[in-house]
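Student: Quick one: structure below, then a few questions.
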Amino acid sequence: HNPADEKRRFYRLVFHKKFRDPILGSYLPQVIEKGRAVIAKNRKHRLFTNIPKRGGAFWSPVAFQHPATFATLAMDPAEKEAIVDDLDAFKQGKDYYTRIGRAWKRGYLLFGPPGTGKSTMIAAIAKHFEYDVYDLELMAVKNNTELRKLFVLTTDKSIIVIEDIDRSVHLTTKRSDNKPHNRSGGESSNTTLPPKEDDKDDEDTKLTLSGLLNFIDGLWSACAGERIIIFTTNNKDKLDPALIRRGRMDKHIEMSYCRYEAFELLARNFLDTNIWNESQFFHLFGEIQKLLAEVDMSPADVAQHLLTERRDTDACLKGLVVALKNAKDIKDKAKLKEQVVEIHGETGGSRS
């Protein structure tokens, strides 16, 4: 319980003085770096969430065992490859970020309808890097000071996630156009103006947009390195432009509906891998490909129809075809109704 009471153990390395420079300058730093990498790889990765309590919030961890990987993530293969390349470039970019004078961090905005794989993408990124994940619940953060404390308590090689950020009411309100600007034409920080009494109260009792912006790329964002910050949202247009501009959210990734390329991956994950060699399914694949080009269905909904529990492969694929046809009929009827209303409005008559 008390590390100070333990007997200190060490290795003594003896070498000729002519080897001093290469050993101290190159060899030992490499050993230390490799040792840290092994420790990071072998340790159990964790998922943290912020828990409010008297005296300030703290992070509470559980084991992170999500099985998602980029290999199983259902999305366009070219887009997925571009994302992986971007992540790898960030991982190897420590010297580059130091040279350009920026904190070693990167922001990703994942946006799209529900069920399109935003949470799965986060899990795949965490698995790709073997990073811990800090799932930040903004509704449990009292004010800007508490947000900074939580940030300081996160570690290097971590992912900080704010899911469904569009549902945080105080952060989705657009700032008025008549807000003061500084002489250089940029945005005016609320700390450069004398705050009103109401503003002071808000600073002490509420989490503000300004506080979140400083959290992402202010001075506090450089207190540790190799961090990824991820926002997810179903409604990108609701977010304040300052929150998601380039430099804060460096890359915007649209998680879209399921198309045939993503369906192929889901089918390989959920169904027998030999189905592609069985001619009896060819006509179903062709029909599914045609319907997915016309119907918007999320990967989560497609995957649900491919679950083989109590059903065989043929029944799964036929069930998916039926669901897609029903969705197409609903879409066609809605489109026809819109056309009828439009014609009715143009004629000004009482008949369609």
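Each chain of the structure tokens is named A, B, ... in the order shown, its residues numbered from 1; ligands are numbered from 1 in display order.
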I want to know what sits within 8 Å of Trp104 in chain A, based on only C-alpha atoms, with residues of the same chain fewer than 4 positions away left out; could you give that as a PyMOL selection string?
Tutor: chain A and resi 93-94+97-98+222+225-227
Student: Taking into account only C-alpha atoms, which residue in the set A:Asn214, A:Lys333, A:Ala262, A:Leu317 is nearest to Phe282 in chain A?
Tutor: A:Leu317
Student: Do a neighbour search on Ala124 in chain A at 9 Å with only C-alpha atoms, toss out local chain neighbours closer than 3 positions, and write the hits as a list of chain:residue names.
Tutor: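 My reading of the contact set: A:His66, A:Pro67, A:Ala68, A:Thr69, A:Phe70, A:Ala71, A:Thr72, A:Leu73, A:Ser119, A:Thr120, A:Met121, A:Lys127, A:His128, A:Phe129.
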Student: Set the distance at 8 Å and use only C-alpha atoms: which residues neighbour Pro77 in chain A once local chain neighbours fewer than 3 positions away are removed? I'd like the list as JSON, numbers by chain.
Tutor: {"A": [80, 81, 261, 262]}
Student: Mind checking which residues fall within 12 Å of Arg268 in chain A, counting only C-alpha atoms, ignoring those fewer than 4 positions away in the same chain, and posting them as a list in words?
Tutor: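 Here the qualifying residues turn out to be Ala71, Thr72, Leu73, Ala74, Glu261, Ala262, Phe263, Glu264, Asp272, Thr273, Asn274, Ile275, Trp276, Ala303, Leu306, Leu307 and Thr313 of chain A.
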Student: Would you save the residues of that selection, restricted to C-alpha atoms, as an mmCIF file, in the first residue's frame?
Tutor:
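File written: again.cif
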```cif
data_model
loop_
_atom_site.group_PDB
_atom_site.id
_atom_site.type_symbol
_atom_site.label_atom_id
_atom_site.label_comp_id
_atom_site.auth_asym_id
_atom_site.auth_seq_id
_atom_site.Cartn_x
_atom_site.Cartn_y
_atom_site.Cartn_z
ATOM 1 C CA ALA A 71 -12.087 -4.265 -40.583
ATOM 2 C CA THR A 72 -15.661 -4.755 -39.343
ATOM 3 C CA LEU A 73 -16.818 -1.131 -39.705
ATOM 4 C CA ALA A 74 -19.503 -0.887 -42.399
ATOM 5 C CA GLU A 261 -20.219 -1.692 -50.484
ATOM 6 C CA ALA A 262 -21.078 -1.443 -46.780
ATOM 7 C CA PHE A 263 -23.719 -4.163 -47.173
ATOM 8 C CA GLU A 264 -21.086 -6.524 -48.581
ATOM 9 C CA ASP A 272 -21.638 -17.490 -44.039
ATOM 10 C CA THR A 273 -18.499 -16.385 -45.892
ATOM 11 C CA ASN A 274 -19.271 -18.883 -48.675
ATOM 12 C CA ILE A 275 -22.466 -17.143 -49.753
ATOM 13 C CA TRP A 276 -20.601 -15.249 -52.499
ATOM 14 C CA ALA A 303 -27.398 -5.481 -39.810
ATOM 15 C CA LEU A 306 -28.869 -10.060 -41.306
ATOM 16 C CA LEU A 307 -28.900 -11.614 -37.849
ATOM 17 C CA THR A 313 -29.069 -17.064 -44.884
#
```
Student: Using only C-alpha atoms, find the one residue out of A:Val133, A:Ala327, A:Ala82, A:Met255 that sits nearest to Phe64 in chain A.
Tutor: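 So, comparing all the options, the nearest one is A:Val133.
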Student: Quote the spacing between CA of Glu137 in chain A and CA of Asn50 in chain A in Å to one decimal place.
Tutor: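 We find that CA of Glu137 in chain A and CA of Asn50 in chain A lie 6.5 Å from each other.
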Student: Enumerate the residues of range 11-246 of chain A with a DSSP assignment of strand (DSSP E), computed from the backbone, and present them as JSON, numbers by chain.
Tutor: {"A": [46, 47, 48, 49, 50, 51, 58, 59, 60, 61, 62, 63, 105, 106, 107, 108, 109, 110, 111, 132, 133, 134, 135, 158, 159, 160, 161, 162, 227, 228, 229, 230, 231, 232, 233]}
Student: Can you work out the spacing between CA of Asp329 in chain A and CA of Val295 in chain A in Å, to one decimal?
Tutor: 9.6 Å
Student: Any idea what's packed within 12 Å of range 28-39 of chain A, counting only C-alpha atoms, ignoring anything in its chain fewer than 2 positions away? Could you give it as a PDB file with C-alpha atoms, in the first residue's frame?
Tutor:
```
ATOM      1  CA  LEU A  13      24.913  -1.241 -16.629  1.00  0.00           C
ATOM      2  CA  PHE A  19      30.570   3.933 -25.651  1.00  0.00           C
ATOM      3  CA  ARG A  20      29.052   6.577 -23.395  1.00  0.00           C
ATOM      4  CA  ASP A  21      27.638   8.828 -26.109  1.00  0.00           C
ATOM      5  CA  PRO A  22      25.908   6.145 -28.222  1.00  0.00           C
ATOM      6  CA  ILE A  23      24.533   4.330 -25.171  1.00  0.00           C
ATOM      7  CA  LEU A  24      23.207   7.375 -23.333  1.00  0.00           C
ATOM      8  CA  GLY A  25      22.278   9.287 -26.452  1.00  0.00           C
ATOM      9  CA  SER A  26      20.663   6.545 -28.520  1.00  0.00           C
ATOM     10  CA  LYS A  41       0.134  -2.438 -25.510  1.00  0.00           C
ATOM     11  CA  ASN A  42      -0.231  -4.989 -22.733  1.00  0.00           C
ATOM     12  CA  ARG A  43      -2.230  -2.954 -20.279  1.00  0.00           C
ATOM     13  CA  LYS A  44      -5.998  -3.233 -20.098  1.00  0.00           C
ATOM     14  CA  HIS A  45      -7.685  -0.342 -21.827  1.00  0.00           C
ATOM     15  CA  PHE A 129      -4.530   3.133 -31.404  1.00  0.00           C
ATOM     16  CA  GLU A 130      -5.008   1.083 -28.209  1.00  0.00           C
ATOM     17  CA  TYR A 131      -6.071   4.306 -26.461  1.00  0.00           C
ATOM     18  CA  LYS A 157      -2.670   8.598 -25.653  1.00  0.00           C
TER      19      LYS A 157
END
```
Student: Could you list, as a list in words, every residue within 10 Å of Lys149 in chain A, counting only C-alpha atoms and ignoring same-chain residues fewer than 5 positions away?
Tutor: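 Once the nearby chain positions are removed, what remains is Gly56, Ala57, Phe58, Asn144, Thr154 and Trp220 of chain A.
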Student: Now that the selection is made, can you save its residues with all heavy atoms as a tab-separated table (two decimals), in the first residue's frame?
Tutor:
```
chain	number	residue	atom	x	y	z
A	56	GLY	N	-16.31	18.45	-6.74
A	56	GLY	CA	-15.85	18.38	-8.12
A	56	GLY	C	-16.01	16.99	-8.71
A	56	GLY	O	-16.02	15.98	-8.00
A	57	ALA	N	-16.15	16.95	-10.02
A	57	ALA	CA	-16.35	15.68	-10.70
A	57	ALA	C	-15.05	14.89	-10.79
A	57	ALA	O	-13.96	15.43	-10.63
A	57	ALA	CB	-16.91	15.93	-12.10
A	58	PHE	N	-15.17	13.60	-11.06
A	58	PHE	CA	-13.99	12.76	-11.25
A	58	PHE	C	-14.32	11.72	-12.31
A	58	PHE	O	-15.48	11.49	-12.66
A	58	PHE	CB	-13.57	12.10	-9.94
A	58	PHE	CG	-14.54	11.06	-9.44
A	58	PHE	CD1	-14.31	9.71	-9.67
A	58	PHE	CD2	-15.70	11.43	-8.76
A	58	PHE	CE1	-15.19	8.76	-9.23
A	58	PHE	CE2	-16.59	10.47	-8.31
A	58	PHE	CZ	-16.34	9.13	-8.54
A	144	ASN	N	-17.21	25.87	-16.21
A	144	ASN	CA	-15.97	25.82	-16.98
A	144	ASN	C	-14.78	25.34	-16.14
A	144	ASN	O	-13.91	24.63	-16.64
A	144	ASN	CB	-15.65	27.20	-17.54
A	144	ASN	CG	-16.71	27.69	-18.51
A	144	ASN	OD1	-17.45	26.88	-19.07
A	144	ASN	ND2	-16.80	29.00	-18.70
A	154	THR	N	-7.17	13.76	-17.56
A	154	THR	CA	-7.02	12.78	-18.64
A	154	THR	C	-5.54	12.55	-18.91
A	154	THR	O	-4.69	13.36	-18.53
A	154	THR	CB	-7.72	13.26	-19.92
A	154	THR	OG1	-7.12	14.48	-20.38
A	154	THR	CG2	-9.20	13.48	-19.69
A	220	TRP	N	-5.16	25.17	-22.14
A	220	TRP	CA	-5.27	23.92	-21.40
A	220	TRP	C	-5.14	22.71	-22.31
A	220	TRP	O	-4.82	21.62	-21.84
A	220	TRP	CB	-6.60	23.88	-20.64
A	220	TRP	CG	-6.63	24.84	-19.51
A	220	TRP	CD1	-7.15	26.09	-19.52
A	220	TRP	CD2	-6.10	24.63	-18.20
A	220	TRP	NE1	-6.98	26.69	-18.29
A	220	TRP	CE2	-6.34	25.81	-17.46
A	220	TRP	CE3	-5.46	23.58	-17.57
A	220	TRP	CZ2	-5.96	25.96	-16.13
A	220	TRP	CZ3	-5.09	23.71	-16.24
A	220	TRP	CH2	-5.33	24.90	-15.55
```
Student: With only C-alpha atoms as the basis for distance, which of A:Val321, A:Leu147, A:Leu109, A:Ala103 is at the shortest distance from Ile51 in chain A?
Tutor: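 Nearest candidate to Ile51 in chain A out of A:Val321, A:Leu147, A:Leu109, A:Ala103: A:Leu147.
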